[in-house]
Every structure is written in structure tokens, then in C-alpha cells.
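Structure file final_21.cif with mmCIF, C-alpha atoms:
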```cif
data_model
loop_
_atom_site.group_PDB
_atom_site.id
_atom_site.type_symbol
_atom_site.label_atom_id
_atom_site.label_comp_id
_atom_site.auth_asym_id
_atom_site.auth_seq_id
_atom_site.Cartn_x
_atom_site.Cartn_y
_atom_site.Cartn_z
ATOM 1 C CA MET A 8 69.161 -16.668 -33.583
ATOM 2 C CA PRO A 9 68.576 -13.032 -34.560
ATOM 3 C CA ALA A 10 67.616 -11.489 -31.213
ATOM 4 C CA GLU A 11 69.919 -8.817 -29.823
ATOM 5 C CA ARG A 12 69.327 -10.370 -26.406
ATOM 6 C CA LEU A 13 70.303 -14.003 -25.891
ATOM 7 C CA ALA A 14 70.091 -16.094 -22.735
ATOM 8 C CA ILE A 15 71.275 -19.574 -21.792
ATOM 9 C CA VAL A 16 68.898 -21.219 -19.316
ATOM 10 C CA THR A 17 69.548 -24.646 -17.802
ATOM 11 C CA GLY A 18 66.796 -26.945 -16.630
ATOM 12 C CA THR A 19 64.131 -25.732 -19.060
ATOM 13 C CA SER A 20 62.094 -28.941 -19.149
ATOM 14 C CA SER A 21 60.068 -27.947 -16.081
ATOM 15 C CA GLY A 22 59.822 -25.655 -13.086
ATOM 16 C CA ILE A 23 61.681 -22.371 -12.812
ATOM 17 C CA GLY A 24 63.808 -22.885 -15.926
ATOM 18 C CA ASN A 25 60.754 -23.505 -18.075
ATOM 19 C CA ALA A 26 59.010 -20.418 -16.688
ATOM 20 C CA VAL A 27 62.106 -18.259 -17.202
ATOM 21 C CA ALA A 28 62.415 -19.375 -20.833
ATOM 22 C CA PHE A 29 58.802 -18.517 -21.639
ATOM 23 C CA GLN A 30 58.964 -15.156 -19.893
ATOM 24 C CA LEU A 31 62.217 -14.199 -21.611
ATOM 25 C CA MET A 32 60.786 -15.018 -25.042
ATOM 26 C CA SER A 33 57.690 -12.940 -24.268
ATOM 27 C CA HIS A 34 60.108 -10.058 -23.581
ATOM 28 C CA GLY A 35 61.820 -10.464 -26.946
ATOM 29 C CA TRP A 36 64.802 -12.599 -25.938
ATOM 30 C CA ALA A 37 66.197 -15.570 -27.811
ATOM 31 C CA VAL A 38 66.776 -18.512 -25.470
ATOM 32 C CA ILE A 39 69.110 -21.496 -25.555
ATOM 33 C CA GLY A 40 67.616 -24.043 -23.178
ATOM 34 C CA VAL A 41 69.438 -27.023 -21.718
ATOM 35 C CA SER A 42 67.932 -30.145 -20.163
ATOM 36 C CA ARG A 43 68.218 -33.924 -20.221
ATOM 37 C CA ARG A 44 64.705 -34.211 -21.667
ATOM 38 C CA ASP A 45 63.316 -33.214 -25.040
ATOM 39 C CA SER A 46 62.032 -29.692 -25.486
ATOM 40 C CA THR A 47 58.415 -28.787 -24.780
ATOM 41 C CA ILE A 48 58.897 -25.194 -25.973
ATOM 42 C CA PRO A 49 57.734 -24.599 -29.550
ATOM 43 C CA SER A 50 59.160 -21.227 -30.566
ATOM 44 C CA PRO A 51 61.397 -19.937 -33.373
ATOM 45 C CA THR A 52 63.391 -17.972 -30.781
ATOM 46 C CA TYR A 53 64.124 -21.069 -28.675
ATOM 47 C CA ARG A 54 66.936 -23.519 -29.328
ATOM 48 C CA HIS A 55 67.041 -26.673 -27.258
ATOM 49 C CA VAL A 56 70.230 -28.485 -26.246
ATOM 50 C CA LYS A 57 69.426 -31.966 -24.976
ATOM 51 C CA LEU A 58 72.306 -32.570 -22.632
ATOM 52 C CA ASP A 59 73.112 -34.139 -19.291
ATOM 53 C CA LEU A 60 75.068 -31.483 -17.402
ATOM 54 C CA GLY A 61 76.774 -34.247 -15.478
ATOM 55 C CA ASP A 62 78.523 -35.288 -18.703
ATOM 56 C CA LEU A 63 81.198 -32.625 -18.574
ATOM 57 C CA ASP A 64 82.940 -33.721 -21.777
ATOM 58 C CA ALA A 65 79.679 -33.389 -23.722
ATOM 59 C CA LEU A 66 78.927 -30.054 -22.054
ATOM 60 C CA THR A 67 82.230 -28.443 -22.943
ATOM 61 C CA ALA A 68 82.362 -29.848 -26.477
ATOM 62 C CA THR A 69 78.778 -28.905 -27.324
ATOM 63 C CA PHE A 70 79.027 -25.388 -26.021
ATOM 64 C CA GLU A 71 82.434 -24.566 -27.452
ATOM 65 C CA ASN A 72 81.550 -25.985 -30.880
ATOM 66 C CA GLU A 73 77.884 -25.047 -31.269
ATOM 67 C CA ILE A 74 76.952 -22.296 -28.814
ATOM 68 C CA ALA A 75 80.087 -20.142 -28.679
ATOM 69 C CA PRO A 76 79.499 -18.660 -32.182
ATOM 70 C CA LEU A 77 75.962 -17.672 -31.166
ATOM 71 C CA ILE A 78 77.105 -15.958 -27.977
ATOM 72 C CA SER A 79 80.047 -14.124 -29.549
ATOM 73 C CA ASP A 80 77.995 -12.561 -32.349
ATOM 74 C CA ASP A 81 78.779 -8.833 -32.232
ATOM 75 C CA ARG A 82 75.081 -8.050 -32.667
ATOM 76 C CA ARG A 83 74.415 -9.255 -29.124
ATOM 77 C CA GLN A 84 73.691 -6.295 -26.907
ATOM 78 C CA ARG A 85 72.764 -8.347 -23.848
ATOM 79 C CA VAL A 86 73.728 -11.880 -22.836
ATOM 80 C CA GLY A 87 72.195 -13.790 -19.941
ATOM 81 C CA LEU A 88 73.012 -17.015 -18.139
ATOM 82 C CA VAL A 89 70.616 -18.691 -15.719
ATOM 83 C CA ASN A 90 72.168 -21.644 -13.914
ATOM 84 C CA ASN A 91 68.950 -23.240 -12.690
ATOM 85 C CA ALA A 92 69.346 -26.994 -13.232
ATOM 86 C CA ALA A 93 70.228 -28.977 -10.121
ATOM 87 C CA LEU A 94 70.023 -32.426 -8.594
ATOM 88 C CA ILE A 95 68.726 -32.838 -5.061
ATOM 89 C CA GLY A 96 71.205 -35.619 -4.424
ATOM 90 C CA ARG A 97 70.821 -38.513 -2.050
ATOM 91 C CA LEU A 98 68.179 -38.002 0.625
ATOM 92 C CA GLY A 99 69.681 -39.634 3.669
ATOM 93 C CA THR A 100 72.268 -39.311 6.391
ATOM 94 C CA ILE A 101 75.975 -39.117 5.720
ATOM 95 C CA ASP A 102 76.710 -42.719 6.738
ATOM 96 C CA GLY A 103 75.152 -43.905 3.475
ATOM 97 C CA THR A 104 77.089 -41.630 1.126
ATOM 98 C CA ASP A 105 77.899 -43.084 -2.288
ATOM 99 C CA ALA A 106 81.075 -41.404 -3.540
ATOM 100 C CA ASN A 107 80.331 -41.778 -7.261
ATOM 101 C CA GLU A 108 76.781 -40.489 -6.964
ATOM 102 C CA MET A 109 78.043 -37.570 -4.911
ATOM 103 C CA LEU A 110 80.492 -36.673 -7.680
ATOM 104 C CA ARG A 111 77.610 -36.544 -10.149
ATOM 105 C CA VAL A 112 75.642 -34.151 -7.919
ATOM 106 C CA TYR A 113 78.635 -31.837 -7.624
ATOM 107 C CA ALA A 114 79.209 -32.009 -11.386
ATOM 108 C CA VAL A 115 75.657 -30.847 -12.138
ATOM 109 C CA ASN A 116 75.221 -28.399 -9.263
ATOM 110 C CA VAL A 117 78.680 -26.819 -9.033
ATOM 111 C CA VAL A 118 81.089 -27.758 -11.831
ATOM 112 C CA ALA A 119 78.731 -27.199 -14.774
ATOM 113 C CA PRO A 120 77.409 -23.788 -13.633
ATOM 114 C CA THR A 121 80.907 -22.617 -12.740
ATOM 115 C CA TRP A 122 82.204 -23.655 -16.164
ATOM 116 C CA LEU A 123 79.250 -21.952 -17.858
ATOM 117 C CA MET A 124 80.043 -18.705 -16.040
ATOM 118 C CA GLY A 125 83.538 -18.852 -17.494
ATOM 119 C CA PHE A 126 82.131 -19.747 -20.902
ATOM 120 C CA VAL A 127 79.945 -16.644 -21.152
ATOM 121 C CA ALA A 128 82.750 -14.477 -19.771
ATOM 122 C CA ARG A 129 85.027 -15.747 -22.562
ATOM 123 C CA HIS A 130 82.588 -15.488 -25.420
ATOM 124 C CA ALA A 131 80.146 -12.626 -24.778
ATOM 125 C CA PRO A 132 81.082 -9.497 -26.746
ATOM 126 C CA ARG A 133 82.875 -6.948 -24.570
ATOM 127 C CA SER A 134 80.331 -4.345 -25.629
ATOM 128 C CA ALA A 135 77.398 -6.448 -24.394
ATOM 129 C CA SER A 136 75.753 -6.345 -20.977
ATOM 130 C CA LEU A 137 76.259 -9.691 -19.245
ATOM 131 C CA ARG A 138 73.912 -10.889 -16.494
ATOM 132 C CA VAL A 139 74.412 -14.173 -14.634
ATOM 133 C CA VAL A 140 71.887 -15.699 -12.235
ATOM 134 C CA ASN A 141 72.879 -18.695 -10.136
ATOM 135 C CA VAL A 142 69.779 -20.180 -8.566
ATOM 136 C CA SER A 143 70.642 -20.801 -4.946
ATOM 137 C CA SER A 144 68.557 -21.967 -2.000
ATOM 138 C CA GLY A 145 67.968 -21.310 1.654
ATOM 139 C CA ALA A 146 69.829 -24.590 2.011
ATOM 140 C CA ALA A 147 73.024 -22.756 1.034
ATOM 141 C CA GLN A 148 73.017 -21.175 4.497
ATOM 142 C CA ARG A 149 70.936 -23.569 6.586
ATOM 143 C CA PRO A 150 72.071 -27.072 7.675
ATOM 144 C CA THR A 151 69.351 -29.637 6.963
ATOM 145 C CA PRO A 152 69.570 -33.261 8.152
ATOM 146 C CA GLY A 153 69.630 -35.757 5.314
ATOM 147 C CA LEU A 154 70.170 -33.078 2.650
ATOM 148 C CA GLY A 155 73.931 -32.807 2.916
ATOM 149 C CA GLU A 156 74.791 -33.172 -0.775
ATOM 150 C CA TYR A 157 72.319 -30.525 -1.875
ATOM 151 C CA VAL A 158 73.256 -28.175 0.983
ATOM 152 C CA GLY A 159 76.940 -28.582 0.207
ATOM 153 C CA THR A 160 76.572 -27.916 -3.503
ATOM 154 C CA LYS A 161 74.344 -24.870 -3.059
ATOM 155 C CA ALA A 162 76.734 -23.403 -0.496
ATOM 156 C CA ALA A 163 79.605 -24.026 -2.914
ATOM 157 C CA LEU A 164 77.805 -22.336 -5.806
ATOM 158 C CA ARG A 165 76.889 -19.355 -3.634
ATOM 159 C CA MET A 166 80.502 -18.757 -2.635
ATOM 160 C CA THR A 167 81.707 -19.351 -6.193
ATOM 161 C CA THR A 168 79.319 -16.623 -7.358
ATOM 162 C CA LEU A 169 80.681 -14.158 -4.807
ATOM 163 C CA SER A 170 84.269 -15.096 -5.637
ATOM 164 C CA ALA A 171 83.719 -14.830 -9.405
ATOM 165 C CA ALA A 172 82.363 -11.313 -8.944
ATOM 166 C CA THR A 173 85.695 -10.217 -7.489
ATOM 167 C CA GLU A 174 87.467 -11.606 -10.539
ATOM 168 C CA PHE A 175 85.488 -9.393 -12.902
ATOM 169 C CA ASP A 176 87.020 -6.454 -11.034
ATOM 170 C CA ALA A 177 90.549 -7.865 -11.126
ATOM 171 C CA LYS A 178 93.110 -7.068 -13.799
ATOM 172 C CA GLY A 179 92.982 -9.603 -16.595
ATOM 173 C CA LEU A 180 89.392 -10.725 -16.673
ATOM 174 C CA ARG A 181 88.280 -7.114 -16.306
ATOM 175 C CA GLU A 182 90.083 -6.376 -19.566
ATOM 176 C CA ARG A 183 88.664 -9.393 -21.438
ATOM 177 C CA ALA A 184 85.072 -9.818 -20.272
ATOM 178 C CA PRO A 185 82.135 -7.438 -20.796
ATOM 179 C CA ALA A 186 82.580 -4.345 -18.618
ATOM 180 C CA ASP A 187 78.886 -4.316 -17.747
ATOM 181 C CA THR A 188 78.761 -7.666 -15.959
ATOM 182 C CA ALA A 189 76.586 -8.396 -12.924
ATOM 183 C CA LEU A 190 75.983 -11.616 -10.997
ATOM 184 C CA LEU A 191 73.085 -12.640 -8.773
ATOM 185 C CA SER A 192 72.876 -15.473 -6.263
ATOM 186 C CA TYR A 193 69.105 -15.928 -6.076
ATOM 187 C CA SER A 194 67.108 -17.973 -3.588
ATOM 188 C CA PRO A 195 63.638 -18.684 -5.029
ATOM 189 C CA GLY A 196 61.993 -19.917 -1.834
ATOM 190 C CA THR A 197 59.824 -23.025 -1.681
ATOM 191 C CA VAL A 198 58.722 -23.524 -5.275
ATOM 192 C CA ASP A 199 56.254 -26.100 -6.576
ATOM 193 C CA THR A 200 58.695 -28.185 -8.640
ATOM 194 C CA PRO A 201 59.472 -31.886 -9.144
ATOM 195 C CA MET A 202 62.307 -31.515 -6.624
ATOM 196 C CA GLN A 203 59.758 -30.712 -3.910
ATOM 197 C CA VAL A 204 57.819 -33.861 -4.786
ATOM 198 C CA GLU A 205 61.029 -35.872 -4.477
ATOM 199 C CA ALA A 206 61.868 -34.309 -1.112
ATOM 200 C CA ARG A 207 58.550 -35.206 0.510
ATOM 201 C CA SER A 208 58.458 -38.796 -0.751
ATOM 202 C CA PRO A 209 60.914 -40.745 1.479
ATOM 203 C CA SER A 210 60.204 -42.068 4.949
ATOM 204 C CA ALA A 211 61.305 -40.116 8.012
ATOM 205 C CA ASP A 212 63.723 -42.944 8.857
ATOM 206 C CA GLN A 213 65.464 -42.458 5.522
ATOM 207 C CA PHE A 214 65.251 -38.655 5.323
ATOM 208 C CA PRO A 215 64.991 -36.823 8.662
ATOM 209 C CA ALA A 216 63.790 -33.534 7.095
ATOM 210 C CA VAL A 217 60.879 -35.058 5.168
ATOM 211 C CA THR A 218 58.338 -33.635 7.648
ATOM 212 C CA MET A 219 59.494 -30.106 6.820
ATOM 213 C CA PHE A 220 58.956 -30.636 3.099
ATOM 214 C CA LYS A 221 55.564 -32.256 3.653
ATOM 215 C CA GLY A 222 54.649 -29.226 5.737
ATOM 216 C CA PHE A 223 55.478 -26.842 2.891
ATOM 217 C CA TYR A 224 52.967 -28.711 0.730
ATOM 218 C CA ASP A 225 50.269 -29.328 3.355
ATOM 219 C CA GLN A 226 50.305 -25.697 4.514
ATOM 220 C CA GLY A 227 50.121 -24.278 0.977
ATOM 221 C CA GLN A 228 53.539 -22.620 1.186
ATOM 222 C CA LEU A 229 54.734 -23.637 -2.276
ATOM 223 C CA VAL A 230 54.808 -20.847 -4.853
ATOM 224 C CA SER A 231 54.384 -21.059 -8.605
ATOM 225 C CA PRO A 232 57.600 -21.121 -10.672
ATOM 226 C CA ASP A 233 56.326 -17.994 -12.429
ATOM 227 C CA GLN A 234 57.026 -15.909 -9.326
ATOM 228 C CA PRO A 235 60.789 -16.470 -9.056
ATOM 229 C CA ALA A 236 60.990 -16.428 -12.860
ATOM 230 C CA ARG A 237 59.790 -12.816 -12.826
ATOM 231 C CA ASP A 238 62.575 -11.836 -10.427
ATOM 232 C CA ILE A 239 65.172 -13.596 -12.563
ATOM 233 C CA VAL A 240 63.995 -12.008 -15.801
ATOM 234 C CA ALA A 241 63.953 -8.577 -14.163
ATOM 235 C CA PHE A 242 67.598 -9.013 -13.176
ATOM 236 C CA LEU A 243 68.595 -10.147 -16.665
ATOM 237 C CA GLU A 244 67.037 -6.958 -18.027
ATOM 238 C CA SER A 245 68.452 -4.693 -15.312
ATOM 239 C CA GLU A 246 70.523 -1.604 -16.008
ATOM 240 C CA LYS A 247 73.371 -0.393 -13.775
ATOM 241 C CA ALA A 248 73.222 -3.480 -11.569
ATOM 242 C CA PRO A 249 75.832 -3.931 -8.824
ATOM 243 C CA ARG A 250 78.628 -6.338 -9.638
ATOM 244 C CA VAL A 251 77.153 -8.980 -7.333
ATOM 245 C CA ALA A 252 74.010 -9.326 -5.235
ATOM 246 C CA GLU A 253 72.223 -11.906 -3.132
ATOM 247 C CA ARG A 254 68.428 -11.877 -3.120
ATOM 248 C CA ARG A 255 65.477 -13.978 -2.110
ATOM 249 C CA LEU A 256 62.066 -14.292 -3.710
ATOM 250 C CA GLY A 257 60.287 -10.940 -3.823
ATOM 251 C CA GLU A 258 63.263 -8.783 -2.885
ATOM 252 C CA GLY A 259 63.885 -5.888 -5.233
#
```
The structure in this file should be written as C-alpha cells.
Amino acid sequence: MPAERLAIVTGTSSGIGNAVAFQLMSHGWAVIGVSRRDSTIPSPTYRHVKLDLGDLDALTATFENEIAPLISDDRRQRVGLVNNAALIGRLGTIDGTDANEMLRVYAVNVVAPTWLMGFVARHAPRSASLRVVNVSSGAAQRPTPGLGEYVGTKAALRMTTLSAATEFDAKGLRERAPADTALLSYSPGTVDTPMQVEARSPSADQFPAVTMFKGFYDQGQLVSPDQPARDIVAFLESEKAPRVAERRLGEG
């Protein structure tokens, strides 16, 4: 992949991840996209990794063996990571929690993006600019009945982002990772994605917050994935960014 700018984007089969990939390529980036489904992006500057992020053994083996050499190429002047893929988890109250399914949600929503942050920190050239975007949610700060797994994972990823930023300033990682590293915890708002369809499908008895999600749709409050994608791409291309920031859709 010859581009001087290379980004890893998870969840590129639809929604925000798909929009980010297309916008990055239109800006001259090479993109490594990750999703469980086959690629729908025909481009010579796009490489697709068909992978279930919940399979942590496959994730680590694939990236260390196949992707690490692409990231560590000294020609890279800018490296990006967009942790976008997520599972909504079980829609229902806590008395019906399935422990094994909950582990899978945390693997996809917290463990995989955290590991990928460490991966790019290890392998990006020190001379490159490194930008990491962890797609968060208003749910990371707002309790929502019946959405406990998703709320919990998004809150965990938000705090992991803030904590990781302090590590890039600490002795050790500061001396190994790219000096120009910046992280963003980004809340995209209510976006018209398959996850929104899933959230407005159950009955109110099963999922107490379903009325809220139906309201987003009925009142025309859902935004196109292209809108948050523009914010994300702008951050990946930013110069002199603060070490860490938290933003919502439309905030500069």
C-alpha cells in the first residue's frame, strides 16, 4: 500500500466506518478496513480484513503477522486508527444477562479497540503523526434502561482513551511511540445505522428505552453517516492536535 498516509478503520461494511473509509480514500489515504462481512469497497488503496473482532486470537495473529509490516513502513508519514465497530449487546434489563454473550460484547467494544491502540503505538514509525479516534456515544455518560452492556462498554472505552493519553506522556511509551500522537473520544450523535434499526425493533416490555429510539426515527433526528465521518477524517488529518480530546458531532 504505497500511500504515505495509512488508516485502520473497523466496521467498514456499513455506517460510519464505511463513510470514513470512502472519505479517507478521496483524501489520498490508504485504508485497511476490518469487518465480519465481505468488502463492498472496490479501490486499489483499500485492503479488506474479514475478521470478527470478538475472536481475539485471530485479531492479534492477523494484525501482528499481516498488518504490522504495513504500519511500520518508514515511508508512513501519518497513521490513523478509527475504532468504530461495536455491538449493541443485549437489549433488556439486567436480570436477563447472559455472561458469555456479555463477554463477547466487551471483547468487541473494549478489548479489541484497546489492543489496537497498543498495536499502532508499537508499530507506527516514531517519525509519523499518529491519530486515534475511538467512536464513543452519549451512552458513555448517560444511563439508559435496557442498554446496560452497550452503556458499560462505551463508558469503559471512553475512560481507556483518556487513560491511554496520559501514558503517551509518561516515560517509556513516550520514548517508543510517535511523538506526535493525539487521541479523540468522539460521540457521533444519533446516526442512521443498522444499530439504530436494531434498537427500535424490540417491544417496550423487553427494552424499556425503545420509545426513545423510535422517537429519533419518527422525528427525523437521525443524521447521515457522512456527517460524523467528516469530523473523524478532519481529526485524522489535524496538525498540532492536543494529546486527547472529547468531542460530539459538529464540534470543532
So that each row is one residue of segment 95-173 of chain A with an atom at most 12 Å from segment 247-253 of chain A, can you give its shortest atom pair and the distance in Å to one decimal, using all atoms listed in the file, rows by chain and rising number, as CSV?
```
residue,atom,partner,partner_atom,distance
A:Ser136,CA,A:Lys247,CA,9.6
A:Leu137,CA,A:Ala248,CA,10.3
A:Arg138,CA,A:Ala248,CA,8.9
A:Val139,CA,A:Val251,CA,9.4
A:Val140,CA,A:Ala252,CA,9.7
A:Asn141,CA,A:Glu253,CA,9.8
A:Val142,CA,A:Glu253,CA,10.2
A:Ser143,CA,A:Glu253,CA,9.2
A:Ser144,CA,A:Glu253,CA,10.8
A:Gly145,CA,A:Glu253,CA,11.4
A:Ala147,CA,A:Glu253,CA,11.6
A:Arg165,CA,A:Glu253,CA,8.8
A:Met166,CA,A:Glu253,CA,10.8
A:Thr167,CA,A:Val251,CA,11.4
A:Thr168,CA,A:Val251,CA,7.9
A:Leu169,CA,A:Val251,CA,6.8
A:Ser170,CA,A:Val251,CA,9.5
A:Ala171,CA,A:Val251,CA,9.0
A:Ala172,CA,A:Val251,CA,5.9
A:Thr173,CA,A:Arg250,CA,8.3
```
Residue nearest Thr52 of chain A - candidates A:Asp102, A:Asp64, A:Glu11, A:Glu246, atoms counted: all atoms listed in the file: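 Selected residue with least distance to Thr52 of chain A: A:Glu11.
This file gives the following result for the PyMOL selection byres ((chain A and resi 243) around 8): Gly87, Arg138, Val139, Val140, Ile239, Val240, Ala241, Phe242, Glu244 and Ser245 of chain A.
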Nearest-residue call for Tyr224 of chain A, choices A:Gln203, A:Asn107, A:Ser208, A:Thr19, using only C-alpha atoms: A:Gln203
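Restricting the calculation to all atoms listed in the file, the smallest distance between Leu66 of chain A and any of A:Val127, A:Val41, A:Ile101, A:Met32 is found for A:Val41.
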One-decimal distance in Å that lies between atom CA of Leu256 of chain A and atom CA of Gly196 of chain A: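 Separating atom CA of Gly196 of chain A from atom CA of Leu256 of chain A is a distance of 5.9 Å.
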Protein, DNA and RNA residues within 12 Å of (54.3, -28.4, -8.2), only C-alpha atoms, as a PyMOL selection string: chain A and resi 21-23+197-207+223-224+227-233
Pairwise distance for atom CA of Tyr53 of chain A and atom CA of Arg83 of chain A, rounded to one decimal in Å: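 Interatomic distance here is 15.7 Å.
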Using only C-alpha atoms: which of A:Ser20, A:Thr160, A:Ser42, A:Gln213 has the shortest distance to Arg111 of chain A: A:Thr160
Option closest in space to Gly125 of chain A, from A:Pro195, A:Pro185, A:Pro235, A:Pro49 [counting only C-alpha atoms]: A:Pro185
Selection dump of the PyMOL selection byres ((chain A and resi 132) around 7), as a list in words: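 So the PyMOL selection byres ((chain A and resi 132) around 7), applied here, picks out Ser79, Asp81, His130, Ala131, Arg133, Ser134, Ala135 and Pro185 of chain A.
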Written selection (C-alpha atoms) as a short mmCIF file (atom, residue, chain, number, x, y, z; two decimals), keeping the file's coordinate frame:
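Result saved to out.cif:
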```
data_model
loop_
_atom_site.label_atom_id
_atom_site.label_comp_id
_atom_site.auth_asym_id
_atom_site.auth_seq_id
_atom_site.Cartn_x
_atom_site.Cartn_y
_atom_site.Cartn_z
CA SER A 79 80.05 -14.12 -29.55
CA ASP A 81 78.78 -8.83 -32.23
CA HIS A 130 82.59 -15.49 -25.42
CA ALA A 131 80.15 -12.63 -24.78
CA ARG A 133 82.88 -6.95 -24.57
CA SER A 134 80.33 -4.34 -25.63
CA ALA A 135 77.40 -6.45 -24.39
CA PRO A 185 82.14 -7.44 -20.80
#
```
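Interatomic distance, atom CA of Arg255 of chain A to atom CA of Gly99 of chain A: 26.6 Å.
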Given all atoms listed in the file as the counted atoms, nearest of A:Thr69, A:Gly96, A:Val115, A:Glu156 to Gly18 of chain A: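 Between A:Thr69, A:Gly96, A:Val115, A:Glu156, the residue approaching Gly18 of chain A most closely is A:Val115.
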Reference answer for the PyMOL selection byres ((chain A and resi 39) around 7), as a list in words: Ala14, Ile15, Val16, Ala37, Val38, Gly40, Val41, Tyr53, Arg54 and His55 of chain A
Emit as AutoDock Vina command-line options the padded axis-aligned box for all listed atoms of segment 95-112 of chain A, 5 Å per side, with centre and edge lengths in Å to one decimal.
```
--center_x 74.6 --center_y -38.4 --center_z -1.7 --size_x 22.9 --size_y 21.1 --size_z 26.9
```
Non-local contacts of Ala146 of chain A (9 Å; all atoms listed in the file; under 4 positions in same chain excluded) as a PyMOL selection string: chain A and resi 150-151+154+157-159+161-162
